[in-house]
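Undergrad: Have a peek at run-v8.txt (compact mmCIF, C-alpha atoms).
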```txt
# COMPACT_ATOMS: atom_id res chain seq x y z
CA GLY A 1 6.90 -24.96 15.35
CA THR A 2 7.71 -28.51 16.31
CA SER A 3 7.66 -30.81 19.32
CA ASP A 4 10.06 -33.24 17.66
CA GLU A 5 13.52 -33.23 19.26
CA ARG A 6 15.22 -34.51 16.12
CA GLY A 7 13.60 -31.69 14.11
CA ARG A 8 14.85 -29.11 16.59
CA LYS A 9 18.41 -30.47 16.39
CA VAL A 10 18.42 -30.50 12.57
CA MET A 11 17.18 -26.90 12.40
CA GLY A 12 19.73 -25.83 15.01
CA ASP A 13 22.56 -27.45 13.04
CA ILE A 14 21.44 -25.79 9.78
CA TYR A 15 21.28 -22.27 11.24
CA ARG A 16 24.27 -22.47 13.60
CA PRO A 17 26.93 -21.34 11.03
CA LEU A 18 24.92 -18.20 10.22
CA SER A 19 25.51 -16.60 13.63
CA LEU A 20 28.73 -16.12 15.61
CA ASN A 21 26.95 -16.42 18.93
CA GLN A 22 23.48 -17.95 18.95
CA ALA A 23 21.22 -18.33 15.94
CA PRO A 24 17.93 -16.38 16.22
CA LEU A 25 15.86 -19.54 16.59
CA MET A 26 12.75 -19.94 18.71
CA PHE A 27 11.09 -23.31 19.10
CA THR A 28 7.42 -23.56 20.06
CA GLU A 29 4.51 -25.92 19.61
CA ARG A 30 3.09 -25.86 16.08
CA ARG A 31 -0.11 -24.03 17.04
CA THR A 32 1.93 -21.28 18.73
CA ALA A 33 4.17 -20.91 15.67
CA GLU A 34 1.12 -20.49 13.45
CA MET A 35 -0.33 -17.92 15.84
CA ILE A 36 2.97 -15.98 15.82
CA LYS A 37 2.79 -15.72 12.03
CA TYR A 38 -0.84 -14.57 11.99
CA ALA A 39 -0.40 -12.18 14.92
CA ALA A 40 2.72 -10.55 13.42
CA ASN A 41 1.04 -9.81 10.09
CA ALA A 42 -2.16 -8.63 11.78
CA PHE A 43 -0.13 -6.25 13.95
CA LEU A 44 1.75 -4.80 10.95
CA ALA A 45 -1.55 -4.42 9.08
CA THR A 46 -2.86 -2.57 12.14
CA LYS A 47 0.10 -0.16 12.06
CA ILE A 48 -0.55 0.64 8.40
CA THR A 49 -4.28 1.13 8.98
CA PHE A 50 -3.64 3.27 12.06
CA ILE A 51 -1.37 5.71 10.22
CA ASN A 52 -3.86 5.84 7.31
CA GLU A 53 -6.60 6.98 9.68
CA ILE A 54 -4.21 9.51 11.26
CA ALA A 55 -3.49 10.71 7.70
CA ASP A 56 -7.19 11.44 7.15
CA LEU A 57 -7.33 13.43 10.38
CA SER A 58 -4.06 15.22 9.54
CA GLU A 59 -5.54 16.46 6.26
CA LYS A 60 -8.54 17.91 8.08
CA VAL A 61 -6.58 19.68 10.85
CA GLY A 62 -3.64 20.86 8.72
CA ALA A 63 -0.98 18.50 10.09
CA ASN A 64 1.65 16.59 8.08
CA VAL A 65 1.28 12.82 8.50
CA GLN A 66 4.86 12.16 7.40
CA GLU A 67 6.14 14.29 10.26
CA VAL A 68 3.63 12.67 12.62
CA ALA A 69 4.90 9.22 11.58
CA ARG A 70 8.51 10.28 12.04
CA GLY A 71 7.72 11.79 15.43
CA ILE A 72 5.96 8.75 16.85
CA GLY A 73 8.50 6.46 15.17
CA LEU A 74 11.30 8.04 17.21
CA ASP A 75 9.70 6.34 20.21
CA ASN A 76 11.40 2.94 20.04
CA ARG A 77 8.35 1.29 21.55
CA ILE A 78 6.60 2.16 18.27
CA GLY A 79 9.36 2.24 15.64
CA THR A 80 9.36 3.80 12.18
CA LYS A 81 8.44 0.84 9.99
CA PHE A 82 5.00 0.34 8.45
CA LEU A 83 3.97 3.91 9.22
CA HIS A 84 3.74 5.11 5.62
CA ALA A 85 0.31 6.51 4.79
CA GLY A 86 -1.15 5.40 1.49
CA PRO A 87 -4.10 3.81 -0.29
CA GLY A 88 -4.32 0.75 1.98
CA PHE A 89 -2.49 -2.55 2.23
CA GLY A 90 -2.76 -5.41 -0.27
CA GLY A 91 -0.66 -8.35 -1.38
CA SER A 92 -0.60 -12.01 -0.53
CA CYS A 93 0.03 -11.91 3.23
CA PHE A 94 -1.76 -9.16 5.16
CA PRO A 95 -5.29 -9.58 3.71
CA LYS A 96 -5.08 -13.38 3.81
CA ASP A 97 -3.65 -13.61 7.32
CA THR A 98 -5.97 -11.05 8.90
CA LYS A 99 -8.96 -12.88 7.39
CA ALA A 100 -7.60 -16.23 8.58
CA LEU A 101 -7.07 -14.93 12.11
CA ILE A 102 -10.63 -13.57 12.24
CA LYS A 103 -12.01 -16.90 10.95
CA ILE A 104 -10.04 -18.90 13.56
CA ALA A 105 -11.36 -16.59 16.29
CA GLN A 106 -14.94 -17.00 15.05
CA ASP A 107 -14.54 -20.79 15.05
CA TYR A 108 -13.58 -20.62 18.73
CA ASP A 109 -16.20 -17.98 19.61
CA VAL A 110 -13.60 -15.26 20.31
CA SER A 111 -14.07 -11.63 19.24
CA LEU A 112 -11.09 -9.92 17.56
CA ARG A 113 -12.67 -6.50 17.18
CA ILE A 114 -9.41 -4.63 16.49
CA VAL A 115 -8.39 -6.98 13.65
CA GLU A 116 -11.94 -6.97 12.26
CA SER A 117 -11.88 -3.16 12.22
CA VAL A 118 -8.46 -3.11 10.51
CA LEU A 119 -9.81 -5.24 7.67
CA ALA A 120 -12.99 -3.17 7.31
CA VAL A 121 -11.17 0.18 7.42
CA ASN A 122 -8.64 -1.01 4.86
CA GLU A 123 -11.31 -2.17 2.42
CA ASN A 124 -13.20 1.12 2.78
CA ARG A 125 -10.00 3.08 2.27
CA LYS A 126 -9.14 1.42 -1.02
CA ARG A 127 -12.59 2.30 -2.37
CA ALA A 128 -12.34 5.86 -1.02
CA MET A 129 -9.25 6.59 -3.13
CA ALA A 130 -11.41 6.94 -6.27
CA ARG A 131 -13.47 9.60 -4.46
CA LYS A 132 -10.23 11.42 -3.61
CA VAL A 133 -9.41 11.60 -7.33
CA SER A 134 -12.93 12.80 -8.11
CA GLN A 135 -12.66 15.58 -5.51
CA ALA A 136 -9.38 16.76 -7.10
CA LEU A 137 -11.33 17.23 -10.34
CA GLY A 138 -14.19 19.14 -8.78
CA GLY A 139 -16.43 16.20 -7.90
CA SER A 140 -17.11 14.68 -11.32
CA LEU A 141 -15.16 12.18 -13.42
CA ARG A 142 -17.73 11.84 -16.20
CA GLY A 143 -15.87 11.95 -19.52
CA LYS A 144 -12.50 12.54 -17.85
CA THR A 145 -9.29 10.63 -18.64
CA ILE A 146 -7.31 9.43 -15.61
CA ALA A 147 -3.70 8.19 -15.82
CA VAL A 148 -2.70 5.61 -13.21
CA LEU A 149 0.97 4.99 -12.47
CA GLY A 150 1.60 1.69 -10.69
CA LEU A 151 -0.76 -1.27 -10.46
CA THR A 152 0.99 -3.86 -8.27
CA PHE A 153 0.40 -3.79 -4.52
CA LYS A 154 4.02 -2.74 -3.91
CA PRO A 155 7.09 -1.97 -6.06
CA ASP A 156 9.57 -4.59 -7.28
CA THR A 157 6.93 -7.28 -7.76
CA ASP A 158 4.35 -8.27 -10.37
CA ASP A 159 1.92 -9.32 -7.62
CA MET A 160 -1.61 -7.99 -8.14
CA ARG A 161 -3.26 -9.88 -5.27
CA ASP A 162 -5.57 -7.52 -3.36
CA ALA A 163 -3.75 -4.54 -4.92
CA PRO A 164 -5.27 -1.15 -4.02
CA SER A 165 -5.19 -0.27 -7.72
CA ILE A 166 -8.04 -2.71 -8.43
CA PRO A 167 -10.82 -1.02 -6.39
CA LEU A 168 -9.35 2.38 -7.30
CA VAL A 169 -9.54 1.77 -11.06
CA THR A 170 -12.92 0.06 -10.74
CA GLY A 171 -14.23 3.07 -8.82
CA LEU A 172 -12.86 5.50 -11.41
CA ILE A 173 -14.58 3.59 -14.22
CA ASP A 174 -17.84 3.40 -12.26
CA MET A 175 -17.71 7.20 -11.95
CA GLY A 176 -17.49 7.54 -15.73
CA ALA A 177 -13.74 7.98 -16.23
CA LYS A 178 -11.58 6.53 -18.97
CA VAL A 179 -8.47 4.98 -17.37
CA LYS A 180 -4.98 4.62 -18.81
CA ALA A 181 -2.31 2.80 -16.81
CA PHE A 182 1.37 1.94 -16.71
CA ASP A 183 3.28 -0.41 -14.41
CA PRO A 184 6.91 -1.42 -15.02
CA VAL A 185 6.29 -5.18 -14.61
CA GLY A 186 2.70 -5.86 -13.53
CA MET A 187 0.61 -5.09 -16.60
CA GLU A 188 0.23 -8.67 -17.88
CA GLN A 189 -0.98 -9.80 -14.47
CA ALA A 190 -3.26 -6.76 -14.23
CA LYS A 191 -5.06 -7.45 -17.50
CA SER A 192 -7.11 -10.30 -16.03
CA GLU A 193 -8.19 -8.08 -13.12
CA LEU A 194 -8.62 -4.86 -15.11
CA PRO A 195 -9.41 -5.78 -18.72
CA SER A 196 -11.21 -2.58 -19.74
CA ILE A 197 -8.42 -0.01 -19.33
CA ILE A 198 -5.74 1.21 -21.73
CA TYR A 199 -2.24 -0.08 -20.98
CA CYS A 200 0.64 2.23 -21.93
CA GLU A 201 4.32 1.72 -22.64
CA ASP A 202 5.69 4.31 -20.21
CA ALA A 203 4.69 7.00 -17.71
CA TYR A 204 4.62 9.81 -20.26
CA SER A 205 2.43 8.07 -22.84
CA CYS A 206 0.15 7.16 -19.94
CA ALA A 207 -0.10 10.82 -18.89
CA GLU A 208 -0.74 12.08 -22.43
CA GLY A 209 -4.13 13.78 -22.59
CA ALA A 210 -4.97 12.92 -18.97
CA ASP A 211 -7.11 15.21 -16.84
CA ALA A 212 -5.36 13.87 -13.72
CA LEU A 213 -2.49 11.52 -12.95
CA VAL A 214 -2.64 9.18 -9.94
CA ILE A 215 0.49 7.64 -8.40
CA VAL A 216 -0.59 4.35 -6.82
CA THR A 217 2.60 2.30 -6.45
CA GLU A 218 5.88 3.90 -5.37
CA TRP A 219 8.10 2.42 -8.08
CA VAL A 220 11.54 4.07 -8.16
CA GLN A 221 10.84 5.00 -11.81
CA PHE A 222 8.10 7.36 -10.64
CA ARG A 223 10.20 9.21 -8.05
CA ALA A 224 12.03 11.45 -10.51
CA LEU A 225 9.59 12.13 -13.33
CA ASP A 226 10.31 15.04 -15.69
CA LEU A 227 7.65 17.40 -14.36
CA ASP A 228 7.86 19.85 -17.26
CA ARG A 229 7.40 17.02 -19.77
CA LEU A 230 4.55 15.63 -17.71
CA LYS A 231 2.76 18.96 -17.54
CA ALA A 232 3.18 19.58 -21.26
CA THR A 233 1.55 16.25 -22.17
CA MET A 234 -1.41 16.34 -19.75
CA ALA A 235 -4.77 17.93 -20.49
CA GLN A 236 -4.87 19.33 -16.94
CA PRO A 237 -1.89 19.58 -14.55
CA ILE A 238 -3.48 17.63 -11.68
CA ILE A 239 -1.56 14.96 -9.74
CA VAL A 240 -3.00 12.80 -6.95
CA ASP A 241 -0.02 11.23 -5.19
CA LEU A 242 -1.28 8.36 -3.02
CA ARG A 243 2.27 7.50 -1.88
CA ASN A 244 3.56 10.99 -0.97
CA ILE A 245 6.52 10.63 -3.31
CA TYR A 246 6.81 14.36 -4.05
CA ARG A 247 6.90 17.51 -1.92
CA PRO A 248 3.85 19.78 -2.17
CA GLU A 249 5.94 22.95 -2.53
CA GLU A 250 7.95 21.37 -5.37
CA MET A 251 4.79 20.42 -7.26
CA GLU A 252 3.19 23.82 -6.70
CA ALA A 253 6.33 25.52 -8.05
CA ALA A 254 6.13 23.28 -11.13
CA GLY A 255 2.57 24.48 -11.76
CA PHE A 256 0.62 21.41 -10.67
CA VAL A 257 -2.52 21.10 -8.64
CA TYR A 258 -1.19 18.50 -6.23
CA GLU A 259 -3.03 16.28 -3.76
CA SER A 260 -1.33 13.78 -1.48
CA VAL A 261 -2.21 11.72 1.60
CA GLY A 262 -2.31 13.25 5.07
CA ARG A 263 -0.68 16.52 4.07
CA SER A 264 -1.91 19.96 3.16
CA SER A 265 -1.68 20.61 -0.56
CA HIS A 266 0.30 23.77 0.22
CA ALA A 267 2.46 22.38 3.04
```
Could I get this file's structure written as C-alpha cells?

TA:
Amino acid sequence: GTSDERGRKVMGDIYRPLSLNQAPLMFTERRTAEMIKYAANAFLATKITFINEIADLSEKVGANVQEVARGIGLDNRIGTKFLHAGPGFGGSCFPKDTKALIKIAQDYDVSLRIVESVLAVNENRKRAMARKVSQALGGSLRGKTIAVLGLTFKPDTDDMRDAPSIPLVTGLIDMGAKVKAFDPVGMEQAKSELPSIIYCEDAYSCAEGADALVIVTEWVQFRALDLDRLKATMAQPIIVDLRNIYRPEEMEAAGFVYESVGRSSHA
C-alpha cells in the first residue's frame, strides 16, 4: 500500500531475488491495502464460522462434518483450508479485524451483515461449548471435575487472546464445575485470564479424578494419548473432543463415552 514510486522500487528490489520469474508483489493505494487485509481475515473467519454451523446441523442429521468439509474442499473454488469444525476462532487477528471492519462500515453508514453475523455466531459458539460438556454429563456439572487440555487459541503458541478456552472454562465454573487444566506452553499467560482453576503438570495429572476431559486445543501432544492410562485415572471415562482429534470408533473400542464436533458419537 503506497503511492510513492521510490517506495515501490525499493520493495521490488528487496523481493526480486526471492523469485525466479516475478515476485508476488501487488501495489495499491494504502486504503486498498488495508481493506485487503481486513477482507481476507473476515473471509477466513467466515469460512470457519460456516463449517461450524454445518457441524451443528451434521450432528442433528447424522452426517460427518469432516467428510462434508473434505467433499466441498475438493471443489477448488472453495478449497480445503479453514474448514475445520471446532469451538470457534480466537487469537489476535480474526476477532480484531472483523470488529475493525464492522466499525469502519458503521462509520461510513454501510451494513456488513454477513461479517456481523460471523462475529455474533462465533461468540455464541464459544459460550455454547460449556453446554456441550454439560450435556455429555447428563445436563448437570454441579460438583463435577472437568479436565481441560489446551488453553491457547491454537497450538504452537502461548497466545491467549480471545481463546475459546476462556468462555468455555468460565461457563463450566458458572455451572458449578471444578476445572483442572494443562497446556504445554500457555499456562502462565492463562493465569491472568483464568485465575481460579487448577493448573497441572501434564495431561494425565490433569485427567486424574476428572468426570470428563475436554480437548480444546489440538496440540500434537494430545493426538496420541495413552487411552488406557487416561481411562484408569479418570473418575468417569467421558471425553469431549472439540477438535475432532480422535476417531469415534477408536474411542468407543477403548471404553470411552466420546463426543466430538459435527459427527455422530458412533460414526

Undergrad: How close does each residue of region 71-166 of chain A get to region 43-60 of chain A, giving the shortest atom pair and distance in Å to one decimal for every residue with an atom at most 6 Å away, counting only C-alpha atoms, sorted by chain and residue number, as JSON lines?

TA:
```
{"residue": "A:Phe82", "atom": "CA", "partner": "A:Ile48", "partner_atom": "CA", "distance": 5.6}
{"residue": "A:Leu83", "atom": "CA", "partner": "A:Ile48", "partner_atom": "CA", "distance": 5.6}
{"residue": "A:Ala85", "atom": "CA", "partner": "A:Asn52", "partner_atom": "CA", "distance": 4.9}
{"residue": "A:Val118", "atom": "CA", "partner": "A:Thr46", "partner_atom": "CA", "distance": 5.9}
```

Undergrad: Just give me the gap between CA of Met129 (chain A) and CA of Ile78 (chain A) in Å, one decimal is fine.

TA: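 About the pair CA of Met129 (chain A) and CA of Ile78 (chain A): they are 27.0 Å apart.
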
Undergrad: Applying 12 Å and all atoms listed in the file, which residues near Pro248 (chain A) remain after dropping the ones on its own chain fewer than 6 positions away? List them as an MDAnalysis selection string.

TA: chainID A and resid 64 239:241 254:267

Undergrad: If you keep C-alpha atoms, can you produce a file of those selected residues as a PDB file, in the frame of the given file?

TA:
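Dumped everything to selection-v3.pdb:
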```
ATOM      1  CA  ASN A  64       1.650  16.590   8.080  1.00  0.00           C
ATOM      2  CA  ILE A 239      -1.560  14.960  -9.740  1.00  0.00           C
ATOM      3  CA  VAL A 240      -3.000  12.800  -6.950  1.00  0.00           C
ATOM      4  CA  ASP A 241      -0.020  11.230  -5.190  1.00  0.00           C
ATOM      5  CA  ALA A 254       6.130  23.280 -11.130  1.00  0.00           C
ATOM      6  CA  GLY A 255       2.570  24.480 -11.760  1.00  0.00           C
ATOM      7  CA  PHE A 256       0.620  21.410 -10.670  1.00  0.00           C
ATOM      8  CA  VAL A 257      -2.520  21.100  -8.640  1.00  0.00           C
ATOM      9  CA  TYR A 258      -1.190  18.500  -6.230  1.00  0.00           C
ATOM     10  CA  GLU A 259      -3.030  16.280  -3.760  1.00  0.00           C
ATOM     11  CA  SER A 260      -1.330  13.780  -1.480  1.00  0.00           C
ATOM     12  CA  VAL A 261      -2.210  11.720   1.600  1.00  0.00           C
ATOM     13  CA  GLY A 262      -2.310  13.250   5.070  1.00  0.00           C
ATOM     14  CA  ARG A 263      -0.680  16.520   4.070  1.00  0.00           C
ATOM     15  CA  SER A 264      -1.910  19.960   3.160  1.00  0.00           C
ATOM     16  CA  SER A 265      -1.680  20.610  -0.560  1.00  0.00           C
ATOM     17  CA  HIS A 266       0.300  23.770   0.220  1.00  0.00           C
ATOM     18  CA  ALA A 267       2.460  22.380   3.040  1.00  0.00           C
TER      19      ALA A 267
END
```

Undergrad: Please determine, counting all atoms listed in the file, which residue among A:Thr98, A:Gln22, A:Ala212, A:Gly79 has the shortest atom-to-atom distance to Lys132 (chain A).

TA: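 Under the stated criterion, the closest residue is A:Ala212.
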
Undergrad: So that each row is one residue of region 80-197 of chain A with an atom at most 9 Å from region 217-238 of chain A, can you give its shortest atom pair and the distance in Å to one decimal, using all atoms listed in the file, rows by chain and rising number, as a tab-separated table?

TA:
```
residue	atom	partner	partner_atom	distance
A:Ala136	CA	A:Ile238	CA	7.5
A:Leu137	CA	A:Ile238	CA	8.0
A:Thr145	CA	A:Ala235	CA	8.8
A:Leu149	CA	A:Thr217	CA	6.8
A:Gly150	CA	A:Thr217	CA	4.4
A:Leu151	CA	A:Thr217	CA	6.3
A:Thr152	CA	A:Thr217	CA	6.6
A:Phe153	CA	A:Thr217	CA	6.8
A:Lys154	CA	A:Thr217	CA	5.8
A:Pro155	CA	A:Trp219	CA	4.9
A:Asp156	CA	A:Trp219	CA	7.2
A:Pro164	CA	A:Thr217	CA	8.9
A:Ser165	CA	A:Thr217	CA	8.3
A:Asp183	CA	A:Thr217	CA	8.4
A:Pro184	CA	A:Trp219	CA	8.0
```

Undergrad: Please identify all polymer residues within 12 Å of region 23-28 of chain A, counting all atoms listed in the file, omitting same-chain residues fewer than 2 positions from it, and present them as JSON, numbers by chain.

TA: {"A": [1, 2, 3, 4, 5, 7, 8, 9, 10, 11, 12, 13, 14, 15, 16, 17, 18, 19, 20, 21, 30, 31, 32, 33, 34, 35, 36]}

Undergrad: Tell me which of A:Tyr246, A:Phe94, A:Tyr204, A:Tyr108 sits closest to Ala147 (chain A), counting all atoms listed in the file.

TA: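 Comparing A:Tyr246, A:Phe94, A:Tyr204, A:Tyr108 against Ala147 (chain A), the winner is A:Tyr204.
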
Undergrad: Tell me which of A:Met175, A:Ala100, A:Val133, A:Thr170 sits closest to Pro195 (chain A), counting all atoms listed in the file.

TA: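 For Pro195 (chain A), the nearest of the given residues is A:Thr170.
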
Undergrad: Show me, as a list in words, the residues that have an atom within 6 Å of Gly176 (chain A) when counting only C-alpha atoms, minus same-chain residues fewer than 3 positions from it.

TA: Leu141, Arg142 and Ile173 of chain A
